[in-house]
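Source file: final_20.cif; contents: mmCIF, C-alpha atoms.
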```cif
data_target
#
loop_
_atom_site.label_atom_id
_atom_site.label_comp_id
_atom_site.auth_asym_id
_atom_site.auth_seq_id
_atom_site.Cartn_x
_atom_site.Cartn_y
_atom_site.Cartn_z
CA MET A 1 -5.57 9.19 1.55
CA ASN A 2 -6.43 9.24 -2.11
CA GLN A 3 -4.49 7.76 -5.01
CA ARG A 4 -2.73 11.04 -5.85
CA GLN A 5 -1.50 11.42 -2.26
CA LEU A 6 -0.07 7.89 -2.32
CA VAL A 7 1.54 8.56 -5.72
CA ASN A 8 3.26 11.60 -4.22
CA ARG A 9 4.30 9.67 -1.10
CA TRP A 10 5.87 6.79 -3.03
CA GLY A 11 6.95 8.51 -6.26
CA VAL A 12 5.18 6.03 -8.54
CA SER A 13 2.67 6.72 -11.29
CA GLU A 14 -1.09 6.51 -10.93
CA ALA A 15 -1.05 3.84 -13.64
CA CYS A 16 1.34 1.80 -11.49
CA LEU A 17 -1.03 1.92 -8.50
CA GLU A 18 -3.97 1.02 -10.73
CA ARG A 19 -2.08 -1.97 -12.13
CA TRP A 20 -1.06 -3.08 -8.64
CA ARG A 21 -4.68 -2.95 -7.47
CA SER A 22 -5.83 -5.08 -10.40
CA GLU A 23 -3.05 -7.60 -9.64
CA GLY A 24 -3.67 -7.64 -5.87
CA ILE A 25 -0.33 -5.94 -5.11
CA GLY A 26 0.12 -3.10 -2.66
CA PRO A 27 -1.85 -1.95 0.34
CA GLN A 28 -5.50 -2.71 0.95
CA PHE A 29 -7.82 -0.03 -0.36
CA LEU A 30 -11.38 1.16 -0.05
CA LYS A 31 -13.68 1.96 -2.93
CA LEU A 32 -16.25 4.51 -1.81
CA ARG A 33 -18.74 5.83 -4.35
CA GLY A 34 -16.35 4.88 -7.13
CA ARG A 35 -13.34 6.59 -5.52
CA VAL A 36 -10.28 4.65 -4.40
CA MET A 37 -9.03 5.57 -0.94
CA TYR A 38 -6.22 4.18 1.21
CA ARG A 39 -6.27 4.11 4.99
CA GLN A 40 -3.08 5.40 6.60
CA VAL A 41 -2.82 2.24 8.71
CA ASP A 42 -2.95 0.01 5.60
CA VAL A 43 -0.31 2.05 3.76
CA GLU A 44 2.00 1.92 6.79
CA ALA A 45 1.40 -1.82 7.24
CA PHE A 46 2.32 -2.42 3.60
CA GLU A 47 5.45 -0.30 3.94
CA GLU A 48 6.39 -2.24 7.08
CA SER A 49 5.95 -5.53 5.19
CA CYS A 50 8.48 -4.33 2.60
CA LEU A 51 11.30 -3.84 5.11
CA ARG A 52 14.35 -6.04 4.51
CA GLN A 53 17.55 -6.75 6.44
CA SER A 54 19.72 -6.93 3.32
CA THR A 55 19.50 -6.79 -0.45
CA SER A 56 20.04 -10.54 -0.67
CA SER A 57 17.09 -11.31 1.59
CA SER A 58 13.70 -11.96 0.05
CA LYS A 59 12.03 -12.28 3.45
CA PRO A 60 10.70 -9.34 5.41
CA LYS A 61 12.70 -8.07 8.38
CA GLN A 62 9.83 -9.12 10.61
CA GLN A 63 6.35 -10.40 10.10
CA ILE A 64 3.50 -8.00 10.66
CA ARG A 65 0.08 -9.07 11.76
CA SER A 66 -2.89 -8.41 9.53
CA VAL A 67 -4.81 -5.24 10.17
CA PRO A 68 -8.50 -6.08 10.50
CA SER A 69 -10.79 -4.21 8.14
CA ALA A 70 -13.01 -1.61 9.72
#
```
Taking this structure as input, can you express it in the form of structure tokens?
Amino acid sequence: MNQRQLVNRWGVSEACLERWRSEGIGPQFLKLRGRVMYRQVDVEAFEESCLRQSTSSSKPKQQIRSVPSA
């Protein structure tokens, strides 16, 4: 998926995603011919890593294993 599709999915700005990428935050991404793309599996893995049991917990609900790069 491209940046705009992820912006629509999460309801954040493109500038936010760009900042996150520069800071190493968010899902893994590909840069192909100057275009940023996100694999569905990486977006879902990042979303899974953000799951929490309660608002007072800073730890994820469960650990996810790393998704190897293709």
* Asked: At what distance in Å, to one decimal, does CA of Trp20 in chain A lie from CA of Met1 in chain A?
  -> 16.6 Å
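Interatomic distance, CA of Gln28 in chain A against CA of Glu48 in chain A: 13.4 Å.
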* Residue neighbourhood Lys31 in chain A, 12 Å, all atoms listed in the file, exclusion window fewer than 5 positions, as an MDAnalysis selection string -> chainID A and resid 1:3 21 36:39
* To do: Name all residues at most 12 Å from Cys16 in chain A (count only C-alpha atoms; drop same-chain ones fewer than 3 positions away) and give them as a ChimeraX atom specification.
  => /A:3-4,6-7,10-13,19-23,25-26
* Structure fact -> re CA of Phe46 in chain A and CA of Gly24 in chain A: distance 12.4 Å
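Comparing A:Glu47, A:Gln40, A:Arg33, A:Arg52 by their smallest distance to Gln5 in chain A, the closest is A:Gln40 (using all atoms listed in the file).
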